[in-house]
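structure_32.cif follows; it contains mmCIF, C-alpha atoms.
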data_run
#
loop_
_atom_site.label_atom_id
_atom_site.label_comp_id
_atom_site.auth_asym_id
_atom_site.auth_seq_id
_atom_site.Cartn_x
_atom_site.Cartn_y
_atom_site.Cartn_z
CA MET A 331 0.00 0.00 0.00
CA PRO A 332 1.22 3.57 -0.62
CA LEU A 333 2.74 5.38 2.34
CA VAL A 334 0.27 7.87 3.78
CA VAL A 335 1.15 10.31 6.54
CA ARG A 336 -1.60 10.38 9.16
CA SER A 337 -1.95 12.08 12.53
CA LEU A 338 -2.34 9.64 15.42
CA VAL A 339 -5.42 9.41 17.59
CA ARG A 340 -4.41 6.57 19.89
CA ILE A 341 -2.05 3.69 20.48
CA VAL A 342 -3.14 0.33 21.87
CA SER A 343 -0.63 -2.18 23.17
CA ALA A 344 -0.53 -5.61 24.77
CA ASP A 345 1.82 -8.41 25.73
CA TRP A 346 1.61 -9.62 22.14
CA VAL A 347 0.42 -8.27 18.81
CA VAL A 348 -0.32 -10.81 16.06
CA PRO A 349 -0.40 -9.07 12.65
CA VAL A 350 -1.17 -12.34 10.70
CA GLU A 351 0.87 -10.90 7.83
CA GLY A 352 4.09 -10.99 9.82
CA GLU A 353 5.52 -12.58 12.93
CA PRO A 354 3.96 -11.99 16.38
CA ILE A 355 5.42 -8.99 18.19
CA ARG A 356 6.18 -9.34 21.87
CA HIS A 357 5.23 -6.22 23.87
CA GLY A 358 3.68 -4.90 20.68
CA ALA A 359 1.53 -1.91 19.81
CA VAL A 360 -0.83 -0.71 17.09
CA ALA A 361 -0.93 3.00 16.26
CA VAL A 362 -4.30 4.18 14.99
CA ALA A 363 -4.65 7.26 12.82
CA ASN A 364 -7.42 9.84 13.05
CA ASP A 365 -9.20 8.31 10.07
CA GLY A 366 -9.49 4.93 11.82
CA ARG A 367 -6.77 3.23 9.82
CA ILE A 368 -3.59 1.63 11.09
CA ALA A 369 -0.64 4.01 11.02
CA ALA A 370 2.01 1.61 12.36
CA VAL A 371 2.50 -1.77 14.00
CA GLY A 372 5.58 -2.54 16.04
CA PRO A 373 7.19 -2.77 19.49
CA ALA A 374 5.57 -0.64 22.18
CA ASP A 375 8.94 0.75 23.22
CA GLU A 376 9.13 2.36 19.76
CA LEU A 377 5.49 3.36 19.20
CA GLY A 378 4.48 3.98 22.81
CA ALA A 379 2.26 2.01 25.16
CA GLY A 380 -0.88 4.16 24.86
CA VAL A 381 -3.88 2.19 26.12
CA ARG A 382 -2.26 -0.96 27.44
CA PHE A 383 -3.96 -4.34 27.81
CA PRO A 384 -1.80 -6.43 30.15
CA GLY A 385 -1.98 -10.20 29.86
CA CYS A 386 -3.57 -9.86 26.43
CA VAL A 387 -3.00 -10.58 22.76
CA ILE A 388 -4.13 -8.16 20.05
CA LEU A 389 -5.42 -9.97 16.95
CA PRO A 390 -6.97 -8.70 13.74
CA GLY A 391 -10.75 -8.68 14.16
CA PHE A 392 -12.34 -11.93 13.03
CA VAL A 393 -14.06 -11.81 9.63
CA ASN A 394 -17.11 -14.06 9.74
CA ALA A 395 -17.66 -14.69 6.04
CA HIS A 396 -20.99 -16.51 6.41
CA SER A 397 -23.44 -15.59 9.15
CA HIS A 398 -27.17 -15.16 9.76
CA LEU A 399 -27.54 -12.41 12.37
CA GLU A 400 -31.31 -12.64 12.17
CA TYR A 401 -31.25 -16.16 13.65
CA ALA A 402 -29.27 -15.22 16.76
CA VAL A 403 -31.87 -16.66 19.17
CA TYR A 404 -32.88 -19.76 17.19
CA ALA A 405 -30.47 -22.03 19.10
CA GLY A 406 -31.71 -25.56 19.74
CA PHE A 407 -34.78 -25.52 17.50
CA GLY A 408 -35.14 -28.97 15.94
CA ASP A 409 -31.96 -30.40 17.41
CA GLY A 410 -31.40 -33.90 16.04
CA LEU A 411 -33.72 -33.53 13.04
CA SER A 412 -32.41 -34.28 9.57
CA PHE A 413 -31.75 -31.29 7.33
CA GLY A 414 -35.11 -31.12 5.53
CA PRO A 415 -37.41 -31.30 8.58
CA TRP A 416 -35.04 -28.98 10.43
CA ILE A 417 -35.46 -26.31 7.74
CA GLY A 418 -39.22 -26.83 7.78
CA LEU A 419 -39.40 -26.22 11.53
CA HIS A 420 -37.38 -23.03 11.27
CA VAL A 421 -39.45 -21.65 8.40
CA ALA A 422 -42.65 -22.27 10.36
CA ARG A 423 -41.33 -20.59 13.51
CA LYS A 424 -39.88 -17.62 11.64
CA GLN A 425 -43.34 -16.86 10.24
CA ARG A 426 -44.51 -15.99 13.77
CA LEU A 427 -42.25 -12.94 13.94
CA ALA A 428 -43.06 -9.34 13.07
CA ALA A 429 -40.48 -7.11 11.39
CA GLU A 430 -39.53 -5.34 14.62
CA GLU A 431 -38.85 -8.70 16.26
CA MET A 432 -36.53 -9.67 13.42
CA ASP A 433 -34.75 -6.36 13.98
CA ALA A 434 -34.38 -7.14 17.68
CA ILE A 435 -32.89 -10.56 16.96
CA ALA A 436 -30.48 -9.13 14.39
CA ARG A 437 -29.29 -6.53 16.90
CA ARG A 438 -28.60 -9.36 19.33
CA GLY A 439 -26.65 -11.17 16.60
CA ALA A 440 -24.50 -8.12 15.90
CA ALA A 441 -23.86 -7.63 19.61
CA ASP A 442 -22.91 -11.27 20.07
CA CYS A 443 -20.48 -11.02 17.17
CA LEU A 444 -18.79 -7.96 18.65
CA ALA A 445 -18.56 -9.64 22.05
CA SER A 446 -16.90 -12.62 20.33
CA GLY A 447 -14.22 -10.52 18.62
CA ILE A 448 -15.91 -10.52 15.22
CA THR A 449 -15.52 -7.19 13.46
CA ALA A 450 -16.91 -7.99 9.99
CA VAL A 451 -19.56 -10.33 8.62
CA GLY A 452 -20.77 -11.61 5.30
CA ASP A 453 -24.39 -11.97 6.36
CA ALA A 454 -27.16 -13.77 4.50
CA SER A 455 -30.18 -11.66 5.45
CA PHE A 456 -33.77 -12.84 5.05
CA SER A 457 -35.44 -9.59 6.11
CA GLY A 458 -32.76 -6.93 5.73
CA SER A 459 -32.63 -6.50 9.51
CA ALA A 460 -28.93 -7.35 9.47
CA ALA A 461 -28.16 -4.07 7.70
CA LEU A 462 -29.95 -2.08 10.39
CA ALA A 463 -28.17 -4.04 13.14
CA CYS A 464 -24.71 -3.61 11.62
CA ALA A 465 -25.25 0.11 11.11
CA GLU A 466 -26.55 0.70 14.64
CA LEU A 467 -23.88 -1.32 16.44
CA GLY A 468 -20.97 -0.40 14.17
CA LEU A 469 -20.29 -3.90 12.83
CA ARG A 470 -18.63 -4.01 9.41
CA GLY A 471 -20.17 -6.22 6.77
CA ILE A 472 -21.63 -7.15 3.45
CA VAL A 473 -25.35 -7.83 3.82
CA TYR A 474 -26.45 -10.34 1.19
CA LEU A 475 -30.24 -9.96 0.80
CA GLU A 476 -31.78 -13.41 0.30
CA VAL A 477 -34.10 -14.25 -2.57
CA PHE A 478 -36.03 -17.42 -3.34
CA GLY A 479 -37.94 -18.64 -6.38
CA PRO A 480 -37.70 -20.20 -9.83
CA ASP A 481 -37.29 -17.06 -11.90
CA ALA A 482 -36.43 -13.36 -12.03
CA ALA A 483 -39.83 -12.39 -10.61
CA ALA A 484 -38.25 -13.01 -7.19
CA LEU A 485 -36.18 -9.86 -7.69
CA ALA A 486 -39.28 -7.91 -6.72
CA ARG A 487 -38.59 -9.09 -3.17
CA PHE A 488 -34.97 -7.99 -3.53
CA ALA A 489 -36.08 -4.53 -4.65
CA GLU A 490 -38.35 -4.18 -1.60
CA LEU A 491 -35.57 -5.26 0.76
CA ARG A 492 -33.10 -2.98 -0.96
CA ASP A 493 -35.38 0.02 -0.38
CA ARG A 494 -35.65 -0.99 3.26
CA VAL A 495 -31.90 -1.25 3.87
CA GLU A 496 -30.79 1.70 1.73
CA PRO A 497 -30.68 4.14 4.71
CA PHE A 498 -28.27 1.83 6.53
CA LEU A 499 -25.74 1.30 3.74
CA SER A 500 -22.34 2.96 3.87
CA GLU A 501 -18.68 2.25 3.25
CA ARG A 502 -18.85 0.03 6.34
CA VAL A 503 -22.17 -1.73 5.56
CA ARG A 504 -22.36 -2.81 1.94
CA LEU A 505 -25.02 -4.48 -0.17
CA GLY A 506 -24.94 -7.96 -1.67
CA VAL A 507 -27.45 -10.49 -2.97
CA SER A 508 -27.98 -14.12 -2.00
CA PRO A 509 -29.93 -16.48 -4.21
CA HIS A 510 -30.40 -18.89 -1.35
CA ALA A 511 -29.48 -22.26 -2.89
CA PRO A 512 -29.98 -24.30 -6.09
CA TYR A 513 -32.92 -26.14 -4.50
CA THR A 514 -34.80 -22.90 -3.70
CA CYS A 515 -33.68 -20.79 -6.70
CA GLY A 516 -33.88 -21.52 -10.40
CA LEU A 517 -31.16 -20.74 -12.93
CA GLU A 518 -33.08 -17.75 -14.23
CA LEU A 519 -33.06 -16.20 -10.77
CA TYR A 520 -29.35 -16.91 -10.31
CA ARG A 521 -28.68 -15.22 -13.64
CA ALA A 522 -30.77 -12.20 -12.70
CA CYS A 523 -28.90 -11.90 -9.40
CA ALA A 524 -25.54 -12.13 -11.16
CA ASP A 525 -26.64 -9.35 -13.54
CA LEU A 526 -27.07 -6.99 -10.57
CA GLY A 527 -23.28 -6.74 -10.37
CA LEU A 528 -23.29 -7.08 -6.57
CA PRO A 529 -21.30 -9.42 -4.31
CA LEU A 530 -23.16 -12.74 -4.32
CA ALA A 531 -23.41 -15.49 -1.71
CA THR A 532 -25.17 -18.85 -1.92
CA HIS A 533 -25.32 -22.25 -0.21
CA LEU A 534 -23.80 -25.09 -2.25
CA ASN A 535 -23.39 -28.85 -1.81
CA GLU A 536 -24.20 -28.82 1.89
CA SER A 537 -25.71 -32.28 2.42
CA ASP A 538 -26.38 -35.68 0.86
CA ASP A 539 -30.13 -35.04 1.13
CA GLU A 540 -29.70 -31.87 -0.93
CA LEU A 541 -27.79 -33.74 -3.63
CA ALA A 542 -30.32 -36.58 -3.74
CA TYR A 543 -33.06 -34.06 -4.43
CA LEU A 544 -31.12 -31.97 -6.97
CA ARG A 545 -29.95 -35.00 -8.94
CA ALA A 546 -33.12 -37.08 -9.02
CA GLY A 547 -35.87 -35.47 -6.95
CA GLU A 548 -35.43 -38.24 -4.41
CA GLY A 549 -34.67 -38.60 -0.72
CA PRO A 550 -36.15 -36.89 2.36
CA TRP A 551 -36.54 -33.58 0.55
CA ALA A 552 -39.02 -34.97 -1.98
CA SER A 553 -41.79 -34.37 0.56
CA PHE A 554 -40.88 -30.64 0.55
CA ARG A 555 -41.14 -30.37 -3.22
CA ASP A 556 -43.79 -27.63 -3.08
CA TRP A 557 -41.20 -25.33 -1.41
CA LEU A 558 -38.43 -26.15 -3.86
CA VAL A 559 -37.59 -25.66 -7.52
CA GLU A 560 -37.71 -28.56 -9.93
CA PRO A 561 -34.59 -30.73 -9.57
CA PRO A 562 -32.10 -29.86 -12.33
CA GLY A 563 -30.51 -33.31 -12.45
CA GLU A 564 -27.07 -32.32 -11.12
CA SER A 565 -25.37 -30.73 -8.13
CA GLY A 566 -25.50 -27.01 -7.57
CA ILE A 567 -21.84 -26.55 -8.35
CA ARG A 568 -22.11 -28.34 -11.69
CA LEU A 569 -25.35 -26.54 -12.52
CA LEU A 570 -23.96 -23.05 -11.89
CA ALA A 571 -20.62 -23.80 -13.52
CA GLY A 572 -22.34 -25.09 -16.65
CA ALA A 573 -24.42 -21.92 -16.83
CA GLY A 574 -21.40 -19.65 -16.41
CA LEU A 575 -22.66 -18.34 -13.07
CA LEU A 576 -19.64 -18.99 -10.88
CA GLY A 577 -16.97 -16.35 -10.44
CA GLU A 578 -14.68 -14.43 -8.11
CA GLY A 579 -17.55 -12.39 -6.69
CA VAL A 580 -19.31 -15.52 -5.40
CA VAL A 581 -19.05 -16.86 -1.84
CA ALA A 582 -20.19 -20.48 -1.59
CA ALA A 583 -21.17 -21.55 1.91
CA HIS A 584 -20.43 -25.09 3.10
CA CYS A 585 -19.26 -27.18 0.07
CA VAL A 586 -19.25 -30.28 2.27
CA ARG A 587 -20.23 -32.96 -0.26
CA VAL A 588 -17.90 -32.15 -3.16
CA ASP A 589 -15.86 -34.40 -5.42
CA GLU A 590 -12.56 -33.69 -7.16
CA GLU A 591 -14.23 -32.34 -10.29
CA GLU A 592 -16.42 -29.95 -8.29
CA ILE A 593 -13.43 -28.67 -6.32
CA ALA A 594 -11.65 -28.10 -9.62
CA LEU A 595 -14.66 -26.15 -10.94
CA LEU A 596 -14.72 -23.93 -7.85
CA ALA A 597 -11.01 -23.27 -8.28
CA GLN A 598 -11.30 -22.67 -12.01
CA TYR A 599 -13.86 -19.92 -11.50
CA GLY A 600 -12.22 -18.39 -8.42
CA VAL A 601 -15.15 -19.00 -6.06
CA ALA A 602 -14.58 -18.36 -2.35
CA VAL A 603 -15.71 -21.00 0.14
CA ALA A 604 -17.06 -20.30 3.64
CA HIS A 605 -16.21 -23.34 5.77
CA CYS A 606 -18.64 -23.83 8.68
CA PRO A 607 -17.48 -26.96 10.54
CA ARG A 608 -19.77 -26.75 13.58
CA SER A 609 -22.92 -26.26 11.51
CA ASN A 610 -21.94 -29.08 9.18
CA ALA A 611 -21.36 -31.39 12.16
CA MET A 612 -24.48 -30.40 14.13
CA LEU A 613 -26.74 -31.05 11.14
CA GLY A 614 -25.03 -34.34 10.30
CA CYS A 615 -23.92 -33.05 6.90
CA GLY A 616 -20.34 -34.29 7.26
CA VAL A 617 -16.86 -32.83 7.25
CA ALA A 618 -15.85 -30.56 4.37
CA PRO A 619 -12.57 -31.47 2.62
CA LEU A 620 -10.72 -28.41 3.86
CA ALA A 621 -7.25 -29.68 2.95
CA GLU A 622 -8.35 -30.40 -0.62
CA LEU A 623 -10.07 -27.04 -0.99
CA ARG A 624 -6.96 -25.22 0.19
CA ALA A 625 -4.66 -27.36 -1.95
CA ALA A 626 -6.73 -26.39 -4.99
CA GLY A 627 -5.90 -22.74 -4.32
CA LEU A 628 -9.39 -21.68 -3.29
CA ARG A 629 -10.01 -18.66 -1.08
CA VAL A 630 -11.31 -20.39 2.04
CA ALA A 631 -12.70 -18.71 5.15
CA ILE A 632 -13.84 -20.11 8.48
CA ALA A 633 -17.33 -18.92 9.39
CA THR A 634 -19.89 -19.55 12.12
CA ASP A 635 -23.04 -19.88 10.00
CA SER A 636 -26.17 -19.44 12.12
CA PRO A 637 -27.04 -20.05 15.78
CA ALA A 638 -29.96 -21.99 14.31
CA SER A 639 -27.46 -24.76 13.62
CA THR A 640 -24.65 -23.87 16.03
CA PRO A 641 -24.89 -22.59 19.60
CA GLY A 642 -23.77 -19.06 18.74
CA PHE A 643 -21.31 -16.70 17.07
CA ASP A 644 -18.28 -18.13 18.89
CA MET A 645 -15.40 -17.88 16.42
CA PHE A 646 -12.97 -19.46 18.89
CA ALA A 647 -15.12 -22.60 19.06
CA GLU A 648 -15.39 -22.54 15.26
CA LEU A 649 -11.61 -22.32 14.91
CA ARG A 650 -11.06 -25.27 17.20
CA ALA A 651 -13.74 -27.26 15.38
CA ALA A 652 -11.99 -26.53 12.09
CA VAL A 653 -8.64 -27.66 13.47
CA LEU A 654 -10.07 -30.85 14.96
CA ALA A 655 -12.14 -31.73 11.89
CA ALA A 656 -9.26 -31.14 9.48
CA ARG A 657 -6.88 -33.28 11.52
CA ALA A 658 -9.43 -36.04 12.08
CA ARG A 659 -10.44 -36.19 8.40
CA THR A 660 -6.86 -36.40 7.17
CA ARG A 661 -5.43 -38.24 10.21
CA ASP A 662 -2.67 -35.66 10.10
CA PRO A 663 -1.92 -33.36 13.06
CA GLY A 664 -0.38 -30.90 10.64
CA ALA A 665 -3.48 -30.65 8.43
CA LEU A 666 -4.46 -27.30 9.97
CA SER A 667 -2.29 -25.42 12.44
CA ALA A 668 -3.50 -22.81 14.90
CA ALA A 669 -1.80 -20.15 12.77
CA GLY A 670 -3.48 -21.51 9.66
CA ALA A 671 -6.88 -21.43 11.34
CA LEU A 672 -6.36 -17.86 12.52
CA GLU A 673 -5.47 -16.77 9.00
CA LEU A 674 -8.63 -18.39 7.60
CA ALA A 675 -10.77 -16.52 10.15
CA THR A 676 -9.14 -13.15 9.52
CA LEU A 677 -7.34 -12.57 6.24
CA GLY A 678 -9.08 -15.59 4.70
CA GLY A 679 -12.47 -14.14 5.53
CA ALA A 680 -11.42 -10.78 4.13
CA ARG A 681 -10.26 -12.41 0.89
CA ALA A 682 -13.52 -14.33 0.60
CA LEU A 683 -15.48 -11.07 0.87
CA GLY A 684 -13.12 -9.18 -1.45
CA LEU A 685 -12.01 -6.92 1.41
CA GLU A 686 -8.41 -8.06 1.85
CA ASP A 687 -7.05 -4.61 1.02
CA GLU A 688 -9.13 -3.13 3.84
CA ILE A 689 -9.23 -5.62 6.73
CA GLY A 690 -8.05 -9.06 7.86
CA SER A 691 -4.52 -8.28 9.06
CA LEU A 692 -2.70 -5.62 11.04
CA VAL A 693 -0.94 -3.70 8.29
CA PRO A 694 -0.50 0.07 7.96
CA GLY A 695 -3.23 1.49 5.77
CA LYS A 696 -5.88 -1.08 6.67
CA TRP A 697 -8.75 -0.33 9.02
CA ALA A 698 -7.88 -0.67 12.70
CA ASP A 699 -10.27 -3.56 13.33
CA LEU A 700 -8.85 -5.28 16.41
CA THR A 701 -9.75 -8.01 18.87
CA VAL A 702 -8.10 -7.95 22.29
CA VAL A 703 -8.02 -11.36 23.99
CA SER A 704 -6.99 -11.95 27.61
CA LEU A 705 -5.10 -15.14 28.40
CA GLU A 706 -4.48 -14.34 32.06
CA ASP A 707 -4.94 -17.37 34.33
CA SER A 708 -5.28 -19.64 31.29
CA PRO A 709 -3.40 -22.95 30.99
CA PHE A 710 -1.24 -21.25 28.35
CA GLU A 711 0.18 -18.58 30.66
CA PRO A 712 3.01 -17.64 30.49
CA LEU A 713 2.64 -17.71 26.74
CA GLU A 714 5.05 -19.65 24.58
CA ASP A 715 3.13 -19.10 21.34
CA PRO A 716 0.47 -16.34 21.36
CA VAL A 717 -1.28 -17.77 18.31
CA VAL A 718 -1.64 -21.28 19.72
CA ALA A 719 -2.74 -19.83 23.06
CA SER A 720 -5.33 -17.55 21.42
CA ILE A 721 -6.84 -20.22 19.16
CA LEU A 722 -6.78 -23.15 21.57
CA GLY A 723 -7.41 -21.12 24.73
CA GLY A 724 -9.50 -18.18 23.57
CA ALA A 725 -13.24 -17.77 24.13
CA PRO A 726 -15.80 -14.97 23.94
CA ASP A 727 -15.57 -14.44 27.69
CA ARG A 728 -11.85 -13.74 27.23
CA VAL A 729 -12.50 -10.96 24.71
CA VAL A 730 -11.61 -7.76 26.53
CA ALA A 731 -12.31 -5.29 23.72
CA THR A 732 -13.35 -5.18 20.09
CA LEU A 733 -12.38 -2.14 18.00
CA ILE A 734 -13.62 -1.22 14.54
CA ALA A 735 -11.82 1.59 12.72
CA GLY A 736 -10.07 2.26 16.02
CA ASP A 737 -13.28 2.82 17.99
CA GLU A 738 -14.27 0.51 20.82
CA ARG A 739 -17.51 -1.21 19.90
CA TYR A 740 -17.33 -3.62 22.82
CA ARG A 741 -15.55 -3.49 26.18
CA LYS A 742 -15.94 -6.35 28.64
CA GLY A 743 -17.65 -5.25 31.81
CA THR A 744 -19.05 -2.03 30.41
CA THR A 745 -20.87 -2.91 27.18
CA GLU A 746 -23.87 -4.98 28.24
CA TRP A 747 -26.76 -4.19 25.86
CA ARG A 748 -29.38 -5.13 28.48
CA ASP A 749 -32.42 -3.72 26.64
CA LEU A 750 -31.26 -5.19 23.37
CA ARG A 751 -30.90 -8.65 24.89
CA ARG A 752 -34.30 -8.46 26.59
CA ALA A 753 -35.98 -7.59 23.29
CA ALA A 754 -34.32 -10.55 21.58
CA ARG A 755 -35.45 -12.91 24.36
CA ARG A 756 -39.02 -11.72 23.93
CA ALA A 757 -38.79 -12.43 20.19
CA ARG A 758 -37.53 -15.94 20.88
CA ALA A 759 -40.42 -16.54 23.24
CA ARG A 760 -42.82 -15.77 20.37
CA MET A 761 -41.38 -18.71 18.43
CA LEU A 762 -41.68 -21.30 21.19
CA PRO A 763 -44.56 -23.79 21.19
#
Translate the structure of the given file into structure tokens.
Amino acid sequence: MPLVVRSLVRIVSADWVVPVEGEPIRHGAVAVANDGRIAAVGPADELGAGVRFPGCVILPGFVNAHSHLEYAVYAGFGDGLSFGPWIGLHVARKQRLAAEEMDAIARRGAADCLASGITAVGDASFSGSAALACAELGLRGIVYLEVFGPDAAALARFAELRDRVEPFLSERVRLGVSPHAPYTCGLELYRACADLGLPLATHLNESDDELAYLRAGEGPWASFRDWLVEPPGESGIRLLAGAGLLGEGVVAAHCVRVDEEEIALLAQYGVAVAHCPRSNAMLGCGVAPLAELRAAGLRVAIATDSPASTPGFDMFAELRAAVLAARARTRDPGALSAAGALELATLGGARALGLEDEIGSLVPGKWADLTVVSLEDSPFEPLEDPVVASILGGAPDRVVATLIAGDERYRKGTTEWRDLRRAARRARARMLP
């Protein structure tokens, strides 16, 4: 990046600073300029201590490349059901909510992300409430408005949602579109979404039940046929690739049940993959071939998906799940290191969203999006490796502060969001039997 002279607003320092692009810095500091960007990263004895966080590690803010903020209080609904009935239960319960209740839940989702050290999301938004929540709480993100249907007529829904979210869009909160999946969206709708020229996210090759329906109209999903498009006779990846609808602006969530040819197609077209190991495991979908996806050169991110399928927006738990799943699948303890997992959840997420020049690592010129993690009284103290300690020993309750563009958006012990949380609990109560 070009050298830009900026006046400093503040310096934050800790026992360790982990830039991701560069080696960890012991007794490090991050200098933040008055425009919210990073002015310098280095030793605190050179930059100054500023606001010091003792016993802590400063990481780049996590970039959650596939989330559903509007499902923040759906945890536990349909636990143990197979994928099709599980979706059916969630659709039915969501229909009980009014728009203001969806807003309340989305606010809770944004707050939970900030309290977990997440500073940016790629959110698939059913109602557009995610845009409002991100704007109000200061969370960075691309809000992909979801559409469903066989043809371009479904863009009428997109236009309505776009009008709703327009007041909340900014450089920090950007607009995208999400044709939900090849079983809920026809090729004509995918093509119409691609023609919008916006960032695009979709769910691809998530489960065996999905593939059984897409290929032959068979399996457990056949009973949901009235909700779905006609089966095209092939997987979503093959369908979209054959239609010329894959590209670098596409984020594909999950990609669990993929073969070598499908991985090659994703790589050929430069698609980014959001890897959601806890969701895939909880729903019995399987373990995505992370090693193969990375070996193919794909832009891969680790993401939390939705609390509807995982307990919450806990990126630390997601990172550990990714490490464990990768090592178990390959029977190789080196399949995914702690450092590799951290990169996938920071710079990897930024690359998936096309924001790598702006966020994802602590580099001068990028936004000062920071997560401060305390490891005091942890089994890893005194720290030998701050990355291993942060990934294997971190947790949301160890997040001391979350900064976006240099501003504190969460501080443990002071940022509580009591009213916001009460409103979200009331919305959840509306969905209970």
| task | Write out as a PyMOL selection string the residues lying within 10 Å of Gly627 (chain A), counting only C-alpha atoms and excluding same-chain residues fewer than 2 positions away. | result | chain A and resi 593-594+596-598+600+602+622-625+629-630
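For the choices A:Ala583, A:Ala656, A:Ala460, A:Leu576, the atom-to-atom distance to His396 (chain A) is smallest for A:Ala583 when using only C-alpha atoms.
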| Ref. answer, residues at most 12 Å from (-23.6, -16.6, 1.0) with only C-alpha atoms, as a PyMOL selection string | chain A and resi 394-398+451-456+472-477+506-511+529-534+579-585+601-606+631+633+635-636+682-683
| query | What lies within 8 Å of region 340-351 of chain A using only C-alpha atoms, ignoring chain neighbours under 3 positions off, as a VMD selection string? | reply | chain A and resid 354 to 363 371 374 377 to 390 672 to 673 677 691 to 693 716 to 717
Step by step, work through what the PyMOL selection byres ((chain A and resi 483-499) around 8) selects in the shown file, and finish by giving those residues as a PDB file with C-alpha atoms, in the coordinates of the input.
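Result file selection-v3.pdb:
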ATOM      1  CA  SER A 457     -35.440  -9.590   6.110  1.00  0.00           C
ATOM      2  CA  GLY A 458     -32.760  -6.930   5.730  1.00  0.00           C
ATOM      3  CA  SER A 459     -32.630  -6.500   9.510  1.00  0.00           C
ATOM      4  CA  ALA A 461     -28.160  -4.070   7.700  1.00  0.00           C
ATOM      5  CA  LEU A 462     -29.950  -2.080  10.390  1.00  0.00           C
ATOM      6  CA  ALA A 465     -25.250   0.110  11.110  1.00  0.00           C
ATOM      7  CA  LEU A 475     -30.240  -9.960   0.800  1.00  0.00           C
ATOM      8  CA  GLU A 476     -31.780 -13.410   0.300  1.00  0.00           C
ATOM      9  CA  VAL A 477     -34.100 -14.250  -2.570  1.00  0.00           C
ATOM     10  CA  PHE A 478     -36.030 -17.420  -3.340  1.00  0.00           C
ATOM     11  CA  GLY A 479     -37.940 -18.640  -6.380  1.00  0.00           C
ATOM     12  CA  PRO A 480     -37.700 -20.200  -9.830  1.00  0.00           C
ATOM     13  CA  ASP A 481     -37.290 -17.060 -11.900  1.00  0.00           C
ATOM     14  CA  ALA A 482     -36.430 -13.360 -12.030  1.00  0.00           C
ATOM     15  CA  SER A 500     -22.340   2.960   3.870  1.00  0.00           C
ATOM     16  CA  GLU A 501     -18.680   2.250   3.250  1.00  0.00           C
ATOM     17  CA  ARG A 502     -18.850   0.030   6.340  1.00  0.00           C
ATOM     18  CA  VAL A 503     -22.170  -1.730   5.560  1.00  0.00           C
ATOM     19  CA  ARG A 504     -22.360  -2.810   1.940  1.00  0.00           C
ATOM     20  CA  LEU A 505     -25.020  -4.480  -0.170  1.00  0.00           C
ATOM     21  CA  VAL A 507     -27.450 -10.490  -2.970  1.00  0.00           C
ATOM     22  CA  LEU A 519     -33.060 -16.200 -10.770  1.00  0.00           C
ATOM     23  CA  ALA A 522     -30.770 -12.200 -12.700  1.00  0.00           C
ATOM     24  CA  CYS A 523     -28.900 -11.900  -9.400  1.00  0.00           C
TER      25      CYS A 523
END
Which residues match the PyMOL selection byres ((chain A and resi 637-654) around 8) in the file above, as a short mmCIF file (atom, residue, chain, number, x, y, z; two decimals) with C-alpha atoms, keeping the file's coordinate frame?
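Output contents, as saved in expr.cif:
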data_model
loop_
_atom_site.label_atom_id
_atom_site.label_comp_id
_atom_site.auth_asym_id
_atom_site.auth_seq_id
_atom_site.Cartn_x
_atom_site.Cartn_y
_atom_site.Cartn_z
CA PHE A 392 -12.34 -11.93 13.03
CA ASN A 394 -17.11 -14.06 9.74
CA HIS A 398 -27.17 -15.16 9.76
CA TYR A 401 -31.25 -16.16 13.65
CA ALA A 402 -29.27 -15.22 16.76
CA VAL A 403 -31.87 -16.66 19.17
CA TYR A 404 -32.88 -19.76 17.19
CA ALA A 405 -30.47 -22.03 19.10
CA GLY A 406 -31.71 -25.56 19.74
CA PHE A 407 -34.78 -25.52 17.50
CA GLY A 439 -26.65 -11.17 16.60
CA ASP A 442 -22.91 -11.27 20.07
CA CYS A 443 -20.48 -11.02 17.17
CA SER A 446 -16.90 -12.62 20.33
CA GLY A 447 -14.22 -10.52 18.62
CA ILE A 448 -15.91 -10.52 15.22
CA CYS A 606 -18.64 -23.83 8.68
CA PRO A 607 -17.48 -26.96 10.54
CA ARG A 608 -19.77 -26.75 13.58
CA SER A 609 -22.92 -26.26 11.51
CA MET A 612 -24.48 -30.40 14.13
CA LEU A 613 -26.74 -31.05 11.14
CA ILE A 632 -13.84 -20.11 8.48
CA ALA A 633 -17.33 -18.92 9.39
CA THR A 634 -19.89 -19.55 12.12
CA ASP A 635 -23.04 -19.88 10.00
CA SER A 636 -26.17 -19.44 12.12
CA ALA A 655 -12.14 -31.73 11.89
CA ALA A 656 -9.26 -31.14 9.48
CA ARG A 657 -6.88 -33.28 11.52
CA ALA A 658 -9.43 -36.04 12.08
CA ALA A 665 -3.48 -30.65 8.43
CA LEU A 666 -4.46 -27.30 9.97
CA SER A 667 -2.29 -25.42 12.44
CA ALA A 668 -3.50 -22.81 14.90
CA ALA A 671 -6.88 -21.43 11.34
CA LEU A 672 -6.36 -17.86 12.52
CA ALA A 675 -10.77 -16.52 10.15
CA ILE A 721 -6.84 -20.22 19.16
CA LEU A 722 -6.78 -23.15 21.57
CA GLY A 724 -9.50 -18.18 23.57
CA ALA A 725 -13.24 -17.77 24.13
CA PRO A 726 -15.80 -14.97 23.94
#
| Residues near Trp551 (chain A), cut-off 10 Å, only C-alpha atoms, skip fewer than 2 positions along chain, as a list in words |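 After dropping sequence-adjacent residues, the list is Ser412, Phe413, Gly414, Pro415, Tyr513, Asp539, Glu540, Leu541, Ala542, Tyr543, Leu544, Gly547, Glu548, Gly549, Ser553, Phe554, Arg555, Trp557 and Leu558 of chain A.
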